[in-house]
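The file coords.csv contains CSV, C-alpha atoms:
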```
chain,number,residue,atom,x,y,z
H,1,LEU,CA,53.2,-19.2,34.6
H,2,ASP,CA,54.5,-22.8,34.6
H,3,LEU,CA,56.0,-23.2,31.2
H,4,ALA,CA,56.4,-26.9,31.8
H,5,SER,CA,52.6,-27.4,32.0
H,6,THR,CA,50.6,-29.1,29.3
H,7,HIS,CA,48.6,-25.9,28.9
H,8,ASN,CA,51.7,-24.2,27.7
H,9,LYS,CA,53.3,-26.8,25.4
H,10,GLU,CA,52.7,-24.6,22.4
H,11,LEU,CA,54.3,-21.6,24.1
H,12,ARG,CA,57.3,-23.7,25.1
H,13,SER,CA,57.7,-24.9,21.5
H,14,ALA,CA,57.6,-21.3,20.3
H,15,SER,CA,60.2,-20.3,23.0
H,16,ASP,CA,62.5,-23.1,21.9
H,17,ARG,CA,62.4,-21.9,18.3
H,18,LEU,CA,62.8,-18.2,19.2
H,19,GLN,CA,65.7,-18.9,21.6
H,20,ALA,CA,68.1,-19.5,18.7
H,21,HIS,CA,67.3,-16.1,17.2
H,22,PHE,CA,67.1,-14.0,20.4
H,23,PRO,CA,69.8,-15.4,22.7
H,24,ARG,CA,70.6,-12.2,24.6
H,25,PHE,CA,67.0,-11.8,25.8
H,26,VAL,CA,66.6,-15.2,27.4
H,27,LEU,CA,66.3,-16.1,31.1
H,28,ARG,CA,66.0,-19.4,32.9
H,29,MET,CA,62.6,-20.3,34.4
H,30,SER,CA,60.8,-23.6,35.2
H,31,ASN,CA,63.7,-25.4,33.4
H,32,GLN,CA,62.8,-23.6,30.2
H,33,VAL,CA,64.6,-20.8,28.5
H,34,CYS,CA,62.3,-17.7,28.6
H,35,ALA,CA,62.6,-14.3,27.0
H,36,LYS,CA,62.2,-11.2,29.1
H,37,MET,CA,59.5,-9.0,27.8
H,38,PRO,CA,59.9,-5.2,27.2
H,39,VAL,CA,57.2,-2.8,28.3
H,40,LEU,CA,55.2,-1.0,25.7
H,41,PHE,CA,53.0,2.1,25.9
H,42,CYS,CA,50.8,2.6,22.9
H,43,ALA,CA,48.6,5.5,21.6
H,44,HIS,CA,45.2,3.8,21.2
H,45,GLY,CA,43.5,6.5,19.1
H,46,GLY,CA,39.9,7.7,19.5
H,47,GLY,CA,37.3,5.2,20.4
H,48,PRO,CA,36.8,2.4,17.8
H,49,MET,CA,37.9,4.7,14.9
H,50,PRO,CA,41.2,2.8,14.1
H,51,LEU,CA,39.1,-0.3,13.5
H,52,LEU,CA,36.4,1.5,11.6
H,53,GLY,CA,38.8,3.3,9.3
H,54,GLY,CA,38.5,6.7,7.8
H,55,MET,CA,40.8,9.7,7.4
H,56,GLY,CA,43.7,9.8,9.8
H,57,GLN,CA,43.3,6.3,11.1
H,58,GLU,CA,45.9,4.4,9.1
H,59,LYS,CA,48.7,5.9,11.3
H,60,TYR,CA,47.2,4.1,14.3
H,61,ARG,CA,46.8,0.9,12.5
H,62,ASP,CA,50.4,1.0,11.3
H,63,HIS,CA,51.4,1.7,14.9
H,64,PHE,CA,49.5,-1.4,16.2
H,65,LYS,CA,50.9,-3.6,13.5
H,66,GLU,CA,54.5,-2.9,14.7
H,67,PHE,CA,53.9,-4.2,18.3
H,68,GLN,CA,55.3,-7.6,17.7
H,69,SER,CA,58.5,-6.3,16.1
H,70,PHE,CA,59.6,-5.0,19.5
H,71,LEU,CA,59.2,-8.4,21.2
H,72,PRO,CA,61.9,-11.0,21.6
H,73,ALA,CA,59.3,-13.9,21.7
H,74,VAL,CA,55.7,-14.7,21.6
H,75,PRO,CA,54.2,-13.5,24.9
H,76,ALA,CA,52.8,-16.1,27.3
H,77,ALA,CA,50.2,-13.5,28.2
H,78,ILE,CA,49.5,-9.8,27.8
H,79,VAL,CA,48.5,-7.5,30.7
H,80,VAL,CA,47.0,-4.3,29.6
H,81,ILE,CA,46.8,-1.1,31.7
H,82,SER,CA,44.2,1.0,29.9
H,83,ALA,CA,43.2,4.6,30.5
H,84,HIS,CA,39.6,3.5,30.5
H,85,TRP,CA,39.4,1.5,33.8
H,86,GLU,CA,39.7,3.1,37.2
H,87,GLU,CA,38.8,1.7,40.6
H,88,LYS,CA,39.2,2.8,44.2
H,89,SER,CA,41.6,-0.1,44.7
H,90,VAL,CA,43.7,-1.6,42.0
H,91,THR,CA,41.7,-4.4,40.4
H,92,VAL,CA,42.7,-7.3,38.2
H,93,MET,CA,40.4,-9.1,35.7
H,94,SER,CA,40.4,-12.9,36.2
H,95,ASN,CA,37.9,-14.0,33.5
H,96,GLU,CA,38.4,-17.5,32.1
H,97,LYS,CA,37.0,-16.1,28.8
H,98,THR,CA,37.1,-12.5,27.7
H,99,LYS,CA,34.3,-10.4,26.4
H,100,LEU,CA,34.2,-6.8,25.2
H,101,LEU,CA,33.0,-3.7,26.8
H,102,TYR,CA,31.8,-1.2,24.2
H,103,ASP,CA,32.6,1.8,26.3
H,104,TYR,CA,31.7,4.5,23.8
H,105,GLY,CA,28.6,6.0,22.1
H,106,GLY,CA,27.5,7.6,18.9
H,107,PHE,CA,29.2,5.3,16.5
H,108,PRO,CA,27.7,3.3,13.6
H,109,PRO,CA,26.3,-0.2,14.4
H,110,GLU,CA,29.5,-2.0,13.3
H,111,ALA,CA,31.3,-0.4,16.2
H,112,TYR,CA,29.1,-2.6,18.5
H,113,GLU,CA,29.7,-5.8,16.5
H,114,ILE,CA,33.5,-5.9,16.9
H,115,THR,CA,34.8,-9.2,18.3
H,116,TYR,CA,38.0,-10.2,19.9
H,117,PRO,CA,37.7,-13.6,21.5
H,118,ALA,CA,41.1,-13.8,23.3
H,119,PRO,CA,41.4,-16.3,26.1
H,120,GLY,CA,41.5,-15.0,29.7
H,121,ALA,CA,44.5,-15.5,32.0
H,122,PRO,CA,43.2,-16.4,35.5
H,123,GLU,CA,46.6,-17.9,36.4
H,124,VAL,CA,48.3,-14.6,35.7
H,125,ALA,CA,45.6,-12.8,37.6
H,126,GLU,CA,46.3,-14.9,40.6
H,127,ARG,CA,50.0,-14.1,40.3
H,128,ILE,CA,49.2,-10.4,40.0
H,129,ARG,CA,47.1,-10.5,43.2
H,130,GLY,CA,50.1,-11.9,45.0
H,131,LEU,CA,52.4,-9.2,43.6
H,132,LEU,CA,49.9,-6.5,44.6
H,133,ALA,CA,48.9,-7.9,48.0
H,134,LYS,CA,50.2,-4.8,49.7
H,135,MET,CA,48.1,-2.6,47.5
H,136,ASN,CA,44.9,-4.5,48.6
H,137,CYS,CA,44.3,-5.8,45.1
H,138,LYS,CA,40.8,-6.8,44.1
H,139,GLU,CA,39.6,-9.1,41.3
H,140,VAL,CA,36.6,-9.1,39.0
H,141,LYS,CA,35.4,-12.0,36.8
H,142,ASN,CA,32.8,-10.4,34.6
H,143,ARG,CA,34.2,-7.2,33.2
H,144,GLY,CA,34.8,-6.8,29.5
H,145,LEU,CA,37.9,-5.7,27.8
H,146,ASP,CA,37.5,-1.9,27.0
H,147,HIS,CA,38.4,-0.2,23.8
H,148,GLY,CA,41.8,0.8,25.1
H,149,VAL,CA,42.5,-3.0,24.9
H,150,PHE,CA,40.6,-4.5,22.1
H,151,VAL,CA,41.2,-1.7,19.5
H,152,PRO,CA,45.0,-2.0,19.5
H,153,MET,CA,45.1,-5.7,20.1
H,154,LYS,CA,42.7,-6.6,17.3
H,155,ILE,CA,45.3,-5.3,14.9
H,156,GLY,CA,48.4,-6.0,16.9
H,157,TRP,CA,47.5,-9.7,17.6
H,158,ALA,CA,44.7,-10.3,15.1
H,159,ASP,CA,44.6,-14.1,15.8
H,160,ALA,CA,43.3,-13.3,19.4
H,161,ASN,CA,45.3,-16.3,20.7
H,162,ILE,CA,47.3,-14.7,23.5
H,163,PRO,CA,45.8,-14.9,27.0
H,164,THR,CA,44.8,-11.3,27.9
H,165,LEU,CA,43.7,-9.5,31.0
H,166,GLN,CA,43.5,-6.0,32.4
H,167,VAL,CA,44.7,-4.3,35.5
H,168,SER,CA,42.9,-1.1,36.5
H,169,LEU,CA,44.2,2.3,37.3
H,170,LEU,CA,43.6,3.8,40.7
H,171,ARG,CA,40.9,6.4,40.8
H,172,SER,CA,43.2,8.7,42.7
H,173,LEU,CA,45.4,9.0,39.6
H,174,ASP,CA,48.3,9.6,42.0
H,175,PRO,CA,51.6,9.5,40.0
H,176,ARG,CA,53.7,7.9,42.8
H,177,GLU,CA,51.1,5.1,43.4
H,178,HIS,CA,51.1,4.3,39.7
H,179,LEU,CA,54.9,4.2,39.5
H,180,GLU,CA,54.8,1.8,42.4
H,181,LEU,CA,52.1,-0.3,40.7
H,182,GLY,CA,54.4,-0.7,37.7
H,183,ARG,CA,57.3,-1.7,40.0
H,184,ALA,CA,55.1,-4.3,41.6
H,185,LEU,CA,54.1,-5.8,38.2
H,186,ALA,CA,57.7,-5.8,36.9
H,187,PRO,CA,58.5,-9.5,37.8
H,188,LEU,CA,55.9,-10.6,35.3
H,189,ARG,CA,58.3,-9.6,32.5
H,190,ASP,CA,60.7,-12.4,33.5
H,191,GLN,CA,57.8,-14.8,33.0
H,192,ARG,CA,57.3,-13.8,29.4
H,193,VAL,CA,54.3,-11.6,30.2
H,194,LEU,CA,54.0,-8.4,28.2
H,195,LEU,CA,52.9,-5.3,30.0
H,196,LEU,CA,51.1,-2.9,27.7
H,197,GLY,CA,50.1,0.6,28.7
H,198,SER,CA,47.3,2.0,26.6
H,199,GLY,CA,46.5,5.7,26.5
H,200,LEU,CA,47.4,9.0,24.8
H,201,THR,CA,50.1,11.4,25.6
H,202,PHE,CA,47.9,14.3,24.5
H,203,HIS,CA,44.2,14.2,25.6
H,204,ASN,CA,42.6,17.6,25.6
H,205,MET,CA,39.2,16.7,24.2
H,206,GLU,CA,38.1,20.3,23.9
H,207,ALA,CA,41.1,21.1,21.7
H,208,MET,CA,40.6,17.9,19.7
H,209,PHE,CA,36.9,18.7,18.9
H,210,ALA,CA,37.8,22.3,18.0
H,211,SER,CA,40.4,21.0,15.5
H,212,MET,CA,37.7,18.8,13.9
H,213,ARG,CA,35.8,22.0,13.1
H,214,GLY,CA,38.9,23.6,11.5
H,215,ALA,CA,42.7,23.7,11.6
H,216,PRO,CA,44.0,23.7,15.1
H,217,MET,CA,45.3,27.1,16.3
H,218,PRO,CA,49.1,27.4,16.0
H,219,GLU,CA,49.5,28.1,19.7
H,220,THR,CA,47.6,25.0,20.6
H,221,VAL,CA,49.8,22.9,18.3
H,222,ASP,CA,52.9,24.4,19.9
H,223,ARG,CA,51.7,23.6,23.4
H,224,ALA,CA,51.2,20.0,22.5
H,225,ALA,CA,54.6,19.8,20.8
H,226,SER,CA,56.3,21.3,23.8
H,227,PHE,CA,54.8,18.8,26.2
H,228,ASP,CA,55.5,15.9,23.9
H,229,ALA,CA,59.2,17.0,23.6
H,230,TRP,CA,59.5,17.1,27.4
H,231,LEU,CA,57.9,13.7,27.7
H,232,CYS,CA,60.1,12.1,25.1
H,233,GLU,CA,63.2,13.6,26.7
H,234,THR,CA,62.1,12.3,30.1
H,235,CYS,CA,61.4,8.8,28.9
H,236,THR,CA,64.5,8.4,26.7
H,237,LYS,CA,67.3,10.6,28.1
H,238,SER,CA,66.7,10.9,31.8
H,239,SER,CA,68.8,8.7,34.1
H,240,THR,CA,67.1,5.5,35.0
H,241,GLN,CA,69.5,4.5,37.8
H,242,ARG,CA,67.8,4.0,41.1
H,243,GLY,CA,69.4,4.6,44.5
H,244,ALA,CA,70.7,1.8,46.6
H,245,ASP,CA,67.6,2.1,48.8
H,246,GLY,CA,65.4,1.6,45.7
H,247,GLY,CA,64.5,5.3,45.5
H,248,LEU,CA,63.1,6.9,42.4
H,249,SER,CA,65.3,7.4,39.4
H,250,GLU,CA,65.6,10.8,37.7
H,251,ARG,CA,63.1,9.5,35.0
H,252,GLU,CA,60.6,8.5,37.7
H,253,LYS,CA,61.0,11.7,39.6
H,254,ARG,CA,60.3,13.8,36.4
H,255,LEU,CA,57.2,11.7,35.7
H,256,GLU,CA,56.0,11.9,39.2
H,257,ALA,CA,56.1,15.7,38.8
H,258,TRP,CA,54.6,15.7,35.3
H,259,GLU,CA,52.3,18.6,36.1
H,260,LYS,CA,55.4,20.9,36.2
H,261,ALA,CA,56.1,20.1,32.5
H,262,PRO,CA,55.5,22.7,29.9
H,263,HIS,CA,51.7,23.0,29.2
H,264,ALA,CA,51.0,19.8,31.1
H,265,ARG,CA,47.5,20.7,32.3
H,266,PHE,CA,46.6,22.0,28.8
H,267,CYS,CA,47.5,18.6,27.3
H,268,HIS,CA,45.9,16.7,30.1
H,269,PRO,CA,43.0,18.5,31.9
H,270,ARG,CA,42.5,15.1,33.5
H,271,GLU,CA,45.4,12.7,33.4
H,272,GLU,CA,43.9,9.3,33.0
H,273,HIS,CA,45.3,8.9,29.5
H,274,LEU,CA,48.8,9.7,30.7
H,275,ILE,CA,48.9,7.6,33.9
H,276,PRO,CA,49.3,4.2,32.1
H,277,LEU,CA,52.7,5.5,30.9
H,278,LEU,CA,53.8,6.0,34.5
H,279,VAL,CA,52.9,2.4,35.2
H,280,CYS,CA,55.0,1.4,32.3
H,281,ALA,CA,57.9,3.5,33.5
H,282,GLY,CA,57.7,1.9,36.9
H,283,ALA,CA,57.7,-1.6,35.4
H,284,ALA,CA,60.7,-0.6,33.2
H,285,GLY,CA,63.0,-0.2,36.1
H,286,GLU,CA,66.4,0.9,34.8
H,287,ASP,CA,65.7,-0.2,31.2
H,288,ALA,CA,66.2,2.4,28.5
H,289,GLY,CA,63.2,4.0,26.8
H,290,GLU,CA,62.8,4.7,23.1
H,291,VAL,CA,60.2,6.5,21.0
H,292,ILE,CA,58.6,3.9,18.7
H,293,TRP,CA,55.9,6.0,17.1
H,294,LYS,CA,55.0,9.7,16.9
H,295,ASP,CA,52.2,11.6,15.3
H,296,THR,CA,53.0,15.3,14.6
H,297,ALA,CA,50.0,15.9,12.3
H,298,GLY,CA,48.1,18.3,14.6
H,299,PHE,CA,48.7,17.5,18.3
H,300,SER,CA,52.0,15.8,18.9
H,301,HIS,CA,51.8,12.5,20.8
H,302,SER,CA,54.1,9.5,21.1
H,303,ALA,CA,54.4,5.9,22.0
H,304,PHE,CA,57.3,4.2,23.8
H,305,CYS,CA,59.1,0.9,24.4
H,306,PHE,CA,61.3,0.2,27.4
H,307,ARG,CA,63.8,-2.6,27.1
```
Is it possible to give me this structure as structure tokens?
Amino acid sequence: LDLASTHNKELRSASDRLQAHFPRFVLRMSNQVCAKMPVLFCAHGGGPMPLLGGMGQEKYRDHFKEFQSFLPAVPAAIVVISAHWEEKSVTVMSNEKTKLLYDYGGFPPEAYEITYPAPGAPEVAERIRGLLAKMNCKEVKNRGLDHGVFVPMKIGWADANIPTLQVSLLRSLDPREHLELGRALAPLRDQRVLLLGSGLTFHNMEAMFASMRGAPMPETVDRAASFDAWLCETCTKSSTQRGADGGLSEREKRLEAWEKAPHARFCHPREEHLIPLLVCAGAAGEDAGEVIWKDTAGFSHSAFCFR
């Protein structure tokens, strides 16, 4: 992003004001002082339910409301890696204007009337295509933001004034490829672009639906708690130091081998909701991870910030 451009005058002004309050985060770019963004991974909840309300949804709403408290400045743009978009090749959305994709069914009419008119970010999309050239990155101009994006963002950035786009997962769901995807996206952080992973660290739908019919079985709860404990330790306590040759850090190695974690396949019969976290970890580099939200009512699951 060219922060000296007319298009970004408002963002430049915000950067100037925030610089005085967040001096240790700033970097020099385009003759302007610019804050390096952390990387966030959020738990997006079930379908549109956090927006529709009801029992158990306030915890997600509170989670989304805290997003901005972890940022050193107003993002110039937000790039979301959602569990709900997979392609054969990594694909970036380059819409001038965003629209919504109601990728769910069986909800009341108001679930299909939700709006979130955030501007698109085609300039960021072009930069991403350059960063991902070796991954044969594709682009689409007509896809809508899925609920893994608009549900948390409608609460996290209610004004819908931050340019927003998505980058897809790879259909392979290969852990190493997604760690590398995150590494490739990492330079965007120095351009005040927020990378936001959106998924769930527990996603066994059969267990979830069973719990809706009655209290979850204790052994099921214990399995989720065990995996969540392993994941939190991995993201926050494992060494993040990479080798001189750029090899994987201990944290990245553990995440690459996530299937070996306690009860991993029970918690993720299919891992699309976990994989955005691996993209975040790759983009985090050697930055420390912290748990920023945790739900232990039922199946333990967590959210993270890397900075």
Using only C-alpha atoms, which residues of segment 148-261 of chain H come within 9 Å of segment 55-76 of chain H, and what is the closest atom pair for each, with the distance in Å to one decimal? Give it as JSON lines, sorted by chain and residue number.
```
{"residue": "H:Val151", "atom": "CA", "partner": "H:Phe64", "partner_atom": "CA", "distance": 8.9}
{"residue": "H:Pro152", "atom": "CA", "partner": "H:Phe64", "partner_atom": "CA", "distance": 5.6}
{"residue": "H:Met153", "atom": "CA", "partner": "H:Phe64", "partner_atom": "CA", "distance": 7.3}
{"residue": "H:Lys154", "atom": "CA", "partner": "H:Phe64", "partner_atom": "CA", "distance": 8.6}
{"residue": "H:Ile155", "atom": "CA", "partner": "H:Phe64", "partner_atom": "CA", "distance": 5.9}
{"residue": "H:Gly156", "atom": "CA", "partner": "H:Phe64", "partner_atom": "CA", "distance": 4.8}
{"residue": "H:Trp157", "atom": "CA", "partner": "H:Gln68", "partner_atom": "CA", "distance": 8.1}
{"residue": "H:Ile162", "atom": "CA", "partner": "H:Ala76", "partner_atom": "CA", "distance": 6.8}
{"residue": "H:Pro163", "atom": "CA", "partner": "H:Ala76", "partner_atom": "CA", "distance": 7.1}
{"residue": "H:Gln191", "atom": "CA", "partner": "H:Ala76", "partner_atom": "CA", "distance": 7.7}
{"residue": "H:Arg192", "atom": "CA", "partner": "H:Pro75", "partner_atom": "CA", "distance": 5.5}
{"residue": "H:Val193", "atom": "CA", "partner": "H:Ala76", "partner_atom": "CA", "distance": 5.6}
{"residue": "H:Leu194", "atom": "CA", "partner": "H:Pro75", "partner_atom": "CA", "distance": 6.1}
```
Item to check | Nearest-residue call for Met37 of chain H, choices H:Asp146, H:Asp174, H:Asp287, H:Glu256, using all atoms listed in the file | outcome: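 Among the listed residues, the smallest separation from Met37 of chain H belongs to H:Asp287.
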Polymer residues at most 8 Å from Leu145 of chain H, only C-alpha atoms, same-chain spacing of 4 or more positions, as a PDB file with C-alpha atoms, keeping the file's coordinate frame:
```pdb
ATOM      1  CA  THR H  98      37.100 -12.500  27.700  1.00  0.00           C
ATOM      2  CA  LYS H  99      34.300 -10.400  26.400  1.00  0.00           C
ATOM      3  CA  LEU H 100      34.200  -6.800  25.200  1.00  0.00           C
ATOM      4  CA  LEU H 101      33.000  -3.700  26.800  1.00  0.00           C
ATOM      5  CA  VAL H 149      42.500  -3.000  24.900  1.00  0.00           C
ATOM      6  CA  PHE H 150      40.600  -4.500  22.100  1.00  0.00           C
ATOM      7  CA  LEU H 165      43.700  -9.500  31.000  1.00  0.00           C
ATOM      8  CA  GLN H 166      43.500  -6.000  32.400  1.00  0.00           C
TER       9      GLN H 166
END
```
Item to check | Counting all atoms listed in the file, the option among H:Tyr102, H:Tyr116, H:Phe227, H:Phe41 closest to Ala261 of chain H | outcome: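 Once distances to Ala261 of chain H are computed over all atoms listed in the file, the minimum belongs to H:Phe227.
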Item to check | Computed interatomic separation between atom CA of Val90 of chain H and atom CA of Trp258 of chain H (Å) | outcome: 21.5 Å
Checklist entry - Closest to Ser226 of chain H among H:Ala207, H:Cys267, H:Leu196, H:Met212, using only C-alpha atoms? => result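 Selected residue with least distance to Ser226 of chain H: H:Cys267.
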Checklist entry - So how many Å separate atom CA of Thr236 of chain H and atom CA of Gly289 of chain H, to one decimal? => result 4.6 Å
Next on the checklist: Would you pick out the contacts of Arg270 of chain H at 12 Å or less, using only C-alpha atoms, so that residues sharing its chain but fewer than 2 positions from it are not included, and give the list as a PyMOL selection string?
Outcome noted: chain H and resi 83+171-174+200-206+259+264-268+272-275
Checklist entry - Between atom CA of Val92 of chain H and atom CA of Lys138 of chain H, what is the spacing in Å? => result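 Computed distance, atom CA of Lys138 of chain H to atom CA of Val92 of chain H, equals 6.2 Å.
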Checklist entry - Between H:Pro117, H:Cys232, H:Met49, H:Arg254, which is the closest to Trp293 of chain H once you count all atoms listed in the file? => result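 The closest residue to Trp293 of chain H is H:Cys232.
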